[in-house]
Amino acid sequence: MKANAGNAAGIQKKKMQGYVGFSNYPNQVHRRSVKRGFNFTLMVVGESGIGKSTLINTLFDTKIFPDREEMPPSAEPIKGVDVTSMSADIQENGVKLRLTVVDTPGFGDSINNEDAWQPILENIESRFDAYLAQENRVNRSKISDNRIDAVIYFIKPTGHCLRAIDIEFMKRLHTKVNLIPIVAKADTLTARELELFKAKIMADINYHGIQIFKPVSDEFDDPETVSDNREILSKIPFAVIGSEKLVERPDGTMVRGRRYPWGIIEVENEEHNDFIKLRQMLLRSHMEELKDSTDMVLYENYRTQKLLSMGHVQDNNVFREFNPLIQLEEERRAHEAKMQKMEAEMTAVFQQKVQEKESKLKLSEEELYARHKEMKTVLEKQRAELDDKKKRAEASVRPITPMEQHPTKGKKKNIFSGF
């Protein structure tokens, strides 16, 4: 019996004698994924002119954001924060990607930036709500997933520390999205200034308990992957520059970068900035991890809180492993507890009814005694009245004697005086 219980509780590992074929399953998933394509939703947040459009176009090596039209001086600036999105279908080596980039023009541009994060937070939560509504539908064959997979937050290169708006924004959103902080326009700082600035940023992030996305290694990763993750971690927050223009190096090769009087800064040169590490983490090595984190951690936490706030309560018993003997024992205990409860309830009801009956009988006895006493008093009073009437009646009907009819005046006459 104990052996059977042990076998049921644990999972046995078996060694196969030959090739079966299920090891080819990852290839099947790969073929299906390539056929269907992928979706990836990326949000960029930062002040106007900090380089959001340029960086996105540089990351994907295509014109995701169109060239910005120069606004005339008389044009009114955008009031508040607007949330816009644009999608593009791009393809690389036969793999199709539906890329959606969500922009936040107006963030940080006002003199008073209080609650500037609110429209962005509402947009992220509305996407969670839309996905939750689709999950609860009867027909779930076509679910559109537009949840935000990652947020690139552009930090202004002040060289000091995080500003109040930076800290407040990340504190409000770090439990809803995968935050990736970057230092924009890193070419405005020297190497030493940049090193100190990144250290101050991480100190502020750790002090305020802000959760940012970091690649994690496990026991299944090969040494090369572990080493790459360690290098990526050492570069956070990423100091990047973006450029869509090609410049010519002294050796005649063309590279993407920026030309200055003192030289050229190359976008795809790890000695100049962290663009390569950012692209590696975001697109080449951790895109699926970002999507899994959004789906299984961030969304699940939001979904749980949302359903609990709506009054839904989960019965955790349905997720326990089923054991017939334990189930029978629990049912027996539950039945005994139910019977004891019923017995106690019946005893309480019986005692209550007995007390009610005794109270009624006592009240009836008191009422009968009071009535008896009252009737006795009435009868005694009536008897006294009758006795009095009887005496008066007897006195009024008594016969009159002759002496009482002819009373003698003066001396009494001697009846023998005549003889």
# chains A, B, ... in the order shown; residues from 1 in each chain; ligands from 1

call {"tool": "residues_around", "arguments": {"residues": "Pro119 of chain A", "least_positions_apart": "4", "cutoff": "9 Å", "atoms": "only C-alpha atoms", "output": "PyMOL selection string"}}
result
chain A and resi 80-83+115+123-124

call {"tool": "write_last_selection", "arguments": {"atoms": "C-alpha atoms", "output": "PDB file, in the first residue's frame"}}
result
ATOM      1  CA  GLY A  80      -1.175  66.634 -21.803  1.00  0.00           C
ATOM      2  CA  VAL A  81      -0.021  63.141 -22.745  1.00  0.00           C
ATOM      3  CA  ASP A  82      -1.315  61.412 -25.855  1.00  0.00           C
ATOM      4  CA  VAL A  83      -0.968  57.671 -26.503  1.00  0.00           C
ATOM      5  CA  ASP A 115       0.024  62.631 -13.030  1.00  0.00           C
ATOM      6  CA  ASN A 123      -3.735  52.538 -21.643  1.00  0.00           C
ATOM      7  CA  ILE A 124      -1.758  49.551 -20.334  1.00  0.00           C
TER       8      ILE A 124
END

call {"tool": "residues_around", "arguments": {"residues": "Trp117 of chain A", "least_positions_apart": "2", "cutoff": "8 Å", "atoms": "only C-alpha atoms", "output": "number ranges by chain"}}
result
A: 107, 115, 119-121, 169, 172

call {"tool": "write_last_selection", "arguments": {"atoms": "all heavy atoms", "output": "PDB file, in the first residue's frame"}}
result
ATOM      1  N   PHE A 107       4.658  63.423 -23.000  1.00  0.00           N
ATOM      2  CA  PHE A 107       5.102  63.031 -21.665  1.00  0.00           C
ATOM      3  C   PHE A 107       6.328  63.848 -21.265  1.00  0.00           C
ATOM      4  O   PHE A 107       7.339  63.886 -21.980  1.00  0.00           O
ATOM      5  CB  PHE A 107       5.439  61.537 -21.624  1.00  0.00           C
ATOM      6  CG  PHE A 107       5.975  61.081 -20.298  1.00  0.00           C
ATOM      7  CD1 PHE A 107       5.107  60.783 -19.264  1.00  0.00           C
ATOM      8  CD2 PHE A 107       7.342  60.970 -20.080  1.00  0.00           C
ATOM      9  CE1 PHE A 107       5.597  60.359 -18.031  1.00  0.00           C
ATOM     10  CE2 PHE A 107       7.833  60.557 -18.860  1.00  0.00           C
ATOM     11  CZ  PHE A 107       6.954  60.250 -17.837  1.00  0.00           C
ATOM     12  N   ASP A 115       0.930  63.641 -12.438  1.00  0.00           N
ATOM     13  CA  ASP A 115       0.024  62.631 -13.030  1.00  0.00           C
ATOM     14  C   ASP A 115       0.249  62.462 -14.523  1.00  0.00           C
ATOM     15  O   ASP A 115      -0.655  62.011 -15.246  1.00  0.00           O
ATOM     16  CB  ASP A 115      -1.443  62.994 -12.767  1.00  0.00           C
ATOM     17  CG  ASP A 115      -1.797  62.973 -11.301  1.00  0.00           C
ATOM     18  OD1 ASP A 115      -1.048  62.338 -10.525  1.00  0.00           O
ATOM     19  OD2 ASP A 115      -2.800  63.590 -10.919  1.00  0.00           O
ATOM     20  N   PRO A 119      -2.300  58.683 -18.059  1.00  0.00           N
ATOM     21  CA  PRO A 119      -2.820  58.172 -19.346  1.00  0.00           C
ATOM     22  C   PRO A 119      -2.089  56.928 -19.832  1.00  0.00           C
ATOM     23  O   PRO A 119      -2.706  56.047 -20.444  1.00  0.00           O
ATOM     24  CB  PRO A 119      -2.608  59.364 -20.302  1.00  0.00           C
ATOM     25  CG  PRO A 119      -2.513  60.557 -19.418  1.00  0.00           C
ATOM     26  CD  PRO A 119      -1.865  60.082 -18.159  1.00  0.00           C
ATOM     27  N   ILE A 120      -0.796  56.836 -19.553  1.00  0.00           N
ATOM     28  CA  ILE A 120      -0.028  55.660 -19.980  1.00  0.00           C
ATOM     29  C   ILE A 120      -0.459  54.437 -19.180  1.00  0.00           C
ATOM     30  O   ILE A 120      -0.667  53.348 -19.736  1.00  0.00           O
ATOM     31  CB  ILE A 120       1.477  55.939 -19.809  1.00  0.00           C
ATOM     32  CG1 ILE A 120       1.876  57.161 -20.643  1.00  0.00           C
ATOM     33  CG2 ILE A 120       2.296  54.722 -20.198  1.00  0.00           C
ATOM     34  CD1 ILE A 120       3.303  57.616 -20.403  1.00  0.00           C
ATOM     35  N   LEU A 121      -0.617  54.603 -17.865  1.00  0.00           N
ATOM     36  CA  LEU A 121      -1.067  53.492 -17.024  1.00  0.00           C
ATOM     37  C   LEU A 121      -2.471  53.033 -17.428  1.00  0.00           C
ATOM     38  O   LEU A 121      -2.742  51.829 -17.495  1.00  0.00           O
ATOM     39  CB  LEU A 121      -1.053  53.920 -15.562  1.00  0.00           C
ATOM     40  CG  LEU A 121      -1.537  52.896 -14.534  1.00  0.00           C
ATOM     41  CD1 LEU A 121      -0.655  51.655 -14.558  1.00  0.00           C
ATOM     42  CD2 LEU A 121      -1.566  53.494 -13.141  1.00  0.00           C
ATOM     43  N   PHE A 169       7.204  57.693 -12.377  1.00  0.00           N
ATOM     44  CA  PHE A 169       6.708  56.912 -13.516  1.00  0.00           C
ATOM     45  C   PHE A 169       7.035  55.434 -13.338  1.00  0.00           C
ATOM     46  O   PHE A 169       6.158  54.568 -13.482  1.00  0.00           O
ATOM     47  CB  PHE A 169       7.324  57.439 -14.812  1.00  0.00           C
ATOM     48  CG  PHE A 169       6.997  56.598 -16.013  1.00  0.00           C
ATOM     49  CD1 PHE A 169       5.801  56.763 -16.692  1.00  0.00           C
ATOM     50  CD2 PHE A 169       7.875  55.618 -16.455  1.00  0.00           C
ATOM     51  CE1 PHE A 169       5.488  55.973 -17.790  1.00  0.00           C
ATOM     52  CE2 PHE A 169       7.579  54.822 -17.548  1.00  0.00           C
ATOM     53  CZ  PHE A 169       6.376  55.009 -18.217  1.00  0.00           C
ATOM     54  N   ARG A 172       5.052  53.667 -10.624  1.00  0.00           N
ATOM     55  CA  ARG A 172       3.645  53.426 -10.958  1.00  0.00           C
ATOM     56  C   ARG A 172       3.464  52.271 -11.936  1.00  0.00           C
ATOM     57  O   ARG A 172       2.433  51.591 -11.911  1.00  0.00           O
ATOM     58  CB  ARG A 172       3.035  54.685 -11.569  1.00  0.00           C
ATOM     59  CG  ARG A 172       3.033  55.895 -10.635  1.00  0.00           C
ATOM     60  CD  ARG A 172       1.971  55.767  -9.586  1.00  0.00           C
ATOM     61  NE  ARG A 172       1.919  56.943  -8.715  1.00  0.00           N
ATOM     62  CZ  ARG A 172       0.978  57.165  -7.830  1.00  0.00           C
ATOM     63  NH1 ARG A 172       0.016  56.285  -7.654  1.00  0.00           N
ATOM     64  NH2 ARG A 172       0.996  58.259  -7.083  1.00  0.00           N
TER      65      ARG A 172
END

call {"tool": "select_by_dssp", "arguments": {"residues": "segment 6-82 of chain A", "states": "strand (DSSP E)", "output": "VMD selection string"}}
result
chain A and resid 38 to 45

call {"tool": "closest_atom_pairs", "arguments": {"of": "segment 192-288 of chain A", "to": "segment 156-159 of chain A", "cutoff": "10 Å", "atoms": "only C-alpha atoms", "output": "CSV"}}
result
residue,atom,partner,partner_atom,distance
A:Glu193,CA,A:Gly159,CA,6.4
A:Leu194,CA,A:Gly159,CA,7.0
A:Glu195,CA,A:Gly159,CA,9.4
A:Leu196,CA,A:Gly159,CA,7.7
A:Phe197,CA,A:Gly159,CA,5.1
A:Lys198,CA,A:Gly159,CA,8.6
A:Lys200,CA,A:Gly159,CA,8.9
A:Ile201,CA,A:Gly159,CA,9.6
A:Ala239,CA,A:Pro157,CA,9.2

call {"tool": "write_last_selection", "arguments": {"atoms": "N, CA and C atoms", "output": "compact mmCIF listing (two decimals), in the first residue's frame"}}
result
# COMPACT_ATOMS: atom_id res chain seq x y z
N GLU A 193 31.66 60.20 -16.90
CA GLU A 193 30.37 60.74 -16.49
C GLU A 193 29.26 59.71 -16.70
N LEU A 194 29.35 58.99 -17.80
CA LEU A 194 28.33 57.98 -18.09
C LEU A 194 28.38 56.84 -17.08
N GLU A 195 29.56 56.43 -16.70
CA GLU A 195 29.71 55.35 -15.72
C GLU A 195 29.12 55.76 -14.37
N LEU A 196 29.43 56.96 -13.92
CA LEU A 196 28.90 57.44 -12.65
C LEU A 196 27.39 57.64 -12.73
N PHE A 197 26.89 58.13 -13.85
CA PHE A 197 25.46 58.36 -14.01
C PHE A 197 24.68 57.04 -13.96
N LYS A 198 25.18 56.01 -14.61
CA LYS A 198 24.52 54.71 -14.60
C LYS A 198 24.51 54.12 -13.19
N LYS A 200 24.46 55.84 -10.38
CA LYS A 200 23.46 56.58 -9.61
C LYS A 200 22.04 56.14 -9.97
N ILE A 201 21.81 55.88 -11.25
CA ILE A 201 20.48 55.43 -11.68
C ILE A 201 20.12 54.10 -11.01
N ALA A 239 23.20 52.62 -22.17
CA ALA A 239 23.51 53.95 -22.68
C ALA A 239 23.60 53.84 -24.20

call {"tool": "residues_around", "arguments": {"residues": "Gly242 of chain A", "least_positions_apart": "5", "cutoff": "7 Å", "atoms": "only C-alpha atoms", "output": "list of chain:residue names"}}
result
A:Thr54, A:Leu55, A:Thr58, A:Val267

call {"tool": "write_last_selection", "arguments": {"atoms": "N, CA, C and O atoms", "output": "compact mmCIF listing (two decimals), in the first residue's frame"}}
result
# COMPACT_ATOMS: atom_id res chain seq x y z
N THR A 54 14.07 57.83 -33.61
CA THR A 54 15.35 57.45 -34.22
C THR A 54 15.83 56.10 -33.69
O THR A 54 16.30 55.26 -34.47
N LEU A 55 15.71 55.87 -32.39
CA LEU A 55 16.16 54.61 -31.83
C LEU A 55 15.34 53.43 -32.35
O LEU A 55 15.90 52.37 -32.67
N THR A 58 16.29 52.67 -35.81
CA THR A 58 17.62 52.06 -35.83
C THR A 58 17.57 50.61 -35.36
O THR A 58 18.25 49.74 -35.91
N VAL A 267 27.00 53.55 -34.06
CA VAL A 267 25.87 52.98 -33.33
C VAL A 267 26.14 51.54 -32.95
O VAL A 267 25.88 51.11 -31.82

call {"tool": "residues_around", "arguments": {"residues": "segment 263-266 of chain A", "least_positions_apart": "6", "cutoff": "10 Å", "atoms": "only C-alpha atoms", "output": "tab-separated table (two decimals) with C-alpha atoms, in the first residue's frame"}}
result
chain	number	residue	atom	x	y	z
A	187	ASP	CA	27.15	60.75	-26.66
A	241	ILE	CA	22.66	56.48	-29.34
A	242	GLY	CA	20.58	56.21	-32.46
A	243	SER	CA	21.20	57.25	-36.04
A	246	LEU	CA	25.45	56.28	-42.76
A	247	VAL	CA	28.80	57.93	-42.26
A	248	GLU	CA	32.11	57.02	-43.81
A	249	ARG	CA	34.95	55.82	-41.64
A	250	PRO	CA	38.57	56.68	-42.40
A	255	VAL	CA	28.56	52.64	-40.78
A	256	ARG	CA	25.55	54.03	-38.98
A	257	GLY	CA	26.61	56.70	-36.61
A	272	HIS	CA	31.01	53.51	-28.10
A	273	ASN	CA	27.59	52.64	-26.59
A	275	PHE	CA	23.07	49.65	-28.54

call {"tool": "residues_around", "arguments": {"residues": "Arg98 of chain A", "least_positions_apart": "5", "cutoff": "9 Å", "atoms": "only C-alpha atoms", "output": "list in words"}}
result
Gly37, Phe38, Asn39, Phe40, Thr41, Ser87, Ala88, Asp89, Ile90 and Gln91 of chain A

call {"tool": "select_by_dssp", "arguments": {"residues": "segment 239-361 of chain A", "states": "alpha helix (DSSP H)", "output": "ChimeraX atom specification"}}
result
/A:275-279,287-293,299-309,324-361

call {"tool": "write_last_selection", "arguments": {"atoms": "C-alpha atoms", "output": "CSV table (one decimal), in the first residue's frame"}}
result
chain,number,residue,atom,x,y,z
A,275,PHE,CA,23.1,49.6,-28.5
A,276,ILE,CA,24.2,46.1,-29.5
A,277,LYS,CA,23.4,44.8,-26.0
A,278,LEU,CA,20.0,46.4,-26.0
A,279,ARG,CA,19.1,44.9,-29.4
A,287,MET,CA,12.0,38.5,-26.9
A,288,GLU,CA,10.1,35.3,-25.9
A,289,GLU,CA,11.1,35.8,-22.2
A,290,LEU,CA,9.6,39.3,-22.4
A,291,LYS,CA,6.3,38.0,-23.8
A,292,ASP,CA,6.2,35.1,-21.2
A,293,SER,CA,6.8,37.6,-18.4
A,299,TYR,CA,-1.0,39.9,-16.7
A,300,GLU,CA,-1.8,37.1,-14.2
A,301,ASN,CA,-1.1,39.3,-11.2
A,302,TYR,CA,-3.4,42.0,-12.7
A,303,ARG,CA,-6.0,39.4,-13.6
A,304,THR,CA,-6.0,38.0,-10.1
A,305,GLN,CA,-6.4,41.4,-8.5
A,306,LYS,CA,-9.1,42.4,-11.0
A,307,LEU,CA,-11.2,39.3,-10.4
A,308,LEU,CA,-10.8,39.5,-6.6
A,309,SER,CA,-12.0,43.1,-6.7
A,324,PRO,CA,-9.1,8.2,-3.0
A,325,LEU,CA,-8.1,7.2,0.5
A,326,ILE,CA,-7.5,10.7,1.6
A,327,GLN,CA,-10.6,11.8,-0.1
A,328,LEU,CA,-12.7,9.2,1.7
A,329,GLU,CA,-11.1,10.1,5.1
A,330,GLU,CA,-11.9,13.8,4.4
A,331,GLU,CA,-15.5,13.0,3.5
A,332,ARG,CA,-15.9,10.9,6.6
A,333,ARG,CA,-14.6,13.7,8.8
A,334,ALA,CA,-16.8,16.2,7.0
A,335,HIS,CA,-19.8,13.9,7.5
A,336,GLU,CA,-19.1,13.5,11.2
A,337,ALA,CA,-18.6,17.2,11.6
A,338,LYS,CA,-21.9,17.8,9.8
A,339,MET,CA,-23.7,15.3,12.0
A,340,GLN,CA,-22.3,16.8,15.2
A,341,LYS,CA,-23.3,20.2,14.0
A,342,MET,CA,-26.9,19.0,13.1
A,343,GLU,CA,-27.1,17.3,16.5
A,344,ALA,CA,-26.0,20.4,18.3
A,345,GLU,CA,-28.5,22.5,16.3
A,346,MET,CA,-31.3,20.0,17.1
A,347,THR,CA,-30.4,20.0,20.8
A,348,ALA,CA,-30.4,23.8,20.8
A,349,VAL,CA,-33.8,23.9,19.1
A,350,PHE,CA,-35.3,21.3,21.5
A,351,GLN,CA,-34.0,23.2,24.5
A,352,GLN,CA,-35.3,26.5,23.1
A,353,LYS,CA,-38.8,24.9,22.5
A,354,VAL,CA,-38.8,23.4,26.1
A,355,GLN,CA,-37.9,26.8,27.5
A,356,GLU,CA,-40.6,28.5,25.5
A,357,LYS,CA,-43.2,25.8,26.6
A,358,GLU,CA,-42.2,26.2,30.2
A,359,SER,CA,-42.5,30.0,30.0
A,360,LYS,CA,-45.9,29.6,28.4
A,361,LEU,CA,-47.0,27.2,31.1

call {"tool": "atom_distance", "arguments": {"atom1": "atom CA of His208 of chain A", "atom2": "atom CA of Leu173 of chain A"}}
result
12.9 Å

call {"tool": "residues_around", "arguments": {"residues": "Val45 of chain A", "least_positions_apart": "4", "cutoff": "10 Å", "atoms": "only C-alpha atoms", "output": "VMD selection string"}}
result
chain A and resid 50 52 83 102 to 108 117 120 151 to 155 169 181

call {"tool": "write_last_selection", "arguments": {"atoms": "N, CA, C and O atoms", "output": "PDB file, in the first residue's frame"}}
result
ATOM      1  N   ILE A  50      13.941  63.430 -27.532  1.00  0.00           N
ATOM      2  CA  ILE A  50      14.982  62.681 -26.830  1.00  0.00           C
ATOM      3  C   ILE A  50      15.513  61.518 -27.666  1.00  0.00           C
ATOM      4  O   ILE A  50      16.476  60.858 -27.283  1.00  0.00           O
ATOM      5  N   LYS A  52      13.347  58.981 -29.455  1.00  0.00           N
ATOM      6  CA  LYS A  52      12.553  57.741 -29.458  1.00  0.00           C
ATOM      7  C   LYS A  52      12.378  57.189 -30.877  1.00  0.00           C
ATOM      8  O   LYS A  52      12.627  56.009 -31.127  1.00  0.00           O
ATOM      9  N   VAL A  83      -1.473  59.030 -26.287  1.00  0.00           N
ATOM     10  CA  VAL A  83      -0.968  57.671 -26.503  1.00  0.00           C
ATOM     11  C   VAL A  83      -1.377  57.235 -27.898  1.00  0.00           C
ATOM     12  O   VAL A  83      -2.575  57.105 -28.192  1.00  0.00           O
ATOM     13  N   VAL A 102       4.060  51.733 -29.543  1.00  0.00           N
ATOM     14  CA  VAL A 102       3.164  52.673 -28.879  1.00  0.00           C
ATOM     15  C   VAL A 102       4.003  53.866 -28.416  1.00  0.00           C
ATOM     16  O   VAL A 102       4.954  53.693 -27.653  1.00  0.00           O
ATOM     17  N   ASP A 103       3.631  55.038 -28.903  1.00  0.00           N
ATOM     18  CA  ASP A 103       4.351  56.261 -28.562  1.00  0.00           C
ATOM     19  C   ASP A 103       3.537  57.075 -27.562  1.00  0.00           C
ATOM     20  O   ASP A 103       2.298  56.932 -27.479  1.00  0.00           O
ATOM     21  N   THR A 104       4.226  57.921 -26.813  1.00  0.00           N
ATOM     22  CA  THR A 104       3.563  58.722 -25.766  1.00  0.00           C
ATOM     23  C   THR A 104       3.958  60.193 -25.904  1.00  0.00           C
ATOM     24  O   THR A 104       4.630  60.741 -25.023  1.00  0.00           O
ATOM     25  N   PRO A 105       3.569  60.849 -27.003  1.00  0.00           N
ATOM     26  CA  PRO A 105       3.944  62.266 -27.162  1.00  0.00           C
ATOM     27  C   PRO A 105       3.312  63.138 -26.078  1.00  0.00           C
ATOM     28  O   PRO A 105       2.186  62.916 -25.661  1.00  0.00           O
ATOM     29  N   GLY A 106       4.100  64.084 -25.613  1.00  0.00           N
ATOM     30  CA  GLY A 106       3.623  64.996 -24.575  1.00  0.00           C
ATOM     31  C   GLY A 106       4.093  64.639 -23.186  1.00  0.00           C
ATOM     32  O   GLY A 106       3.972  65.464 -22.272  1.00  0.00           O
ATOM     33  N   PHE A 107       4.658  63.423 -23.000  1.00  0.00           N
ATOM     34  CA  PHE A 107       5.102  63.031 -21.665  1.00  0.00           C
ATOM     35  C   PHE A 107       6.328  63.848 -21.265  1.00  0.00           C
ATOM     36  O   PHE A 107       7.339  63.886 -21.980  1.00  0.00           O
ATOM     37  N   GLY A 108       6.252  64.486 -20.107  1.00  0.00           N
ATOM     38  CA  GLY A 108       7.380  65.248 -19.586  1.00  0.00           C
ATOM     39  C   GLY A 108       7.619  66.581 -20.241  1.00  0.00           C
ATOM     40  O   GLY A 108       8.631  67.234 -19.957  1.00  0.00           O
ATOM     41  N   TRP A 117       1.941  60.250 -15.834  1.00  0.00           N
ATOM     42  CA  TRP A 117       1.977  58.812 -16.077  1.00  0.00           C
ATOM     43  C   TRP A 117       0.575  58.204 -16.173  1.00  0.00           C
ATOM     44  O   TRP A 117       0.412  57.079 -16.648  1.00  0.00           O
ATOM     45  N   ILE A 120      -0.796  56.836 -19.553  1.00  0.00           N
ATOM     46  CA  ILE A 120      -0.028  55.660 -19.980  1.00  0.00           C
ATOM     47  C   ILE A 120      -0.459  54.437 -19.180  1.00  0.00           C
ATOM     48  O   ILE A 120      -0.667  53.348 -19.736  1.00  0.00           O
ATOM     49  N   VAL A 151       8.481  48.123 -22.176  1.00  0.00           N
ATOM     50  CA  VAL A 151       8.481  49.586 -22.194  1.00  0.00           C
ATOM     51  C   VAL A 151       9.922  50.064 -22.113  1.00  0.00           C
ATOM     52  O   VAL A 151      10.629  49.748 -21.150  1.00  0.00           O
ATOM     53  N   ILE A 152      10.355  50.782 -23.141  1.00  0.00           N
ATOM     54  CA  ILE A 152      11.677  51.408 -23.116  1.00  0.00           C
ATOM     55  C   ILE A 152      11.497  52.816 -22.570  1.00  0.00           C
ATOM     56  O   ILE A 152      10.819  53.650 -23.179  1.00  0.00           O
ATOM     57  N   TYR A 153      12.086  53.058 -21.409  1.00  0.00           N
ATOM     58  CA  TYR A 153      11.958  54.367 -20.784  1.00  0.00           C
ATOM     59  C   TYR A 153      13.253  55.147 -20.997  1.00  0.00           C
ATOM     60  O   TYR A 153      14.329  54.724 -20.576  1.00  0.00           O
ATOM     61  N   PHE A 154      13.127  56.299 -21.639  1.00  0.00           N
ATOM     62  CA  PHE A 154      14.268  57.126 -22.006  1.00  0.00           C
ATOM     63  C   PHE A 154      14.581  58.092 -20.848  1.00  0.00           C
ATOM     64  O   PHE A 154      13.741  58.919 -20.481  1.00  0.00           O
ATOM     65  N   ILE A 155      15.779  57.958 -20.306  1.00  0.00           N
ATOM     66  CA  ILE A 155      16.223  58.822 -19.215  1.00  0.00           C
ATOM     67  C   ILE A 155      17.071  59.951 -19.797  1.00  0.00           C
ATOM     68  O   ILE A 155      18.002  59.713 -20.576  1.00  0.00           O
ATOM     69  N   PHE A 169       7.204  57.693 -12.377  1.00  0.00           N
ATOM     70  CA  PHE A 169       6.708  56.912 -13.516  1.00  0.00           C
ATOM     71  C   PHE A 169       7.035  55.434 -13.338  1.00  0.00           C
ATOM     72  O   PHE A 169       6.158  54.568 -13.482  1.00  0.00           O
ATOM     73  N   PRO A 181      15.021  50.567 -18.721  1.00  0.00           N
ATOM     74  CA  PRO A 181      15.514  51.954 -18.709  1.00  0.00           C
ATOM     75  C   PRO A 181      16.766  52.103 -19.573  1.00  0.00           C
ATOM     76  O   PRO A 181      17.645  51.239 -19.559  1.00  0.00           O
TER      77      PRO A 181
END

call {"tool": "closest_residue", "arguments": {"among": "A:Leu386, A:Val95, A:Val44, A:Val138", "to": "Ile180 of chain A", "atoms": "only C-alpha atoms"}}
result
A:Val44

call {"tool": "atom_distance", "arguments": {"atom1": "atom CA of Ala133 of chain A", "atom2": "atom CA of Asn146 of chain A"}}
result
12.8 Å
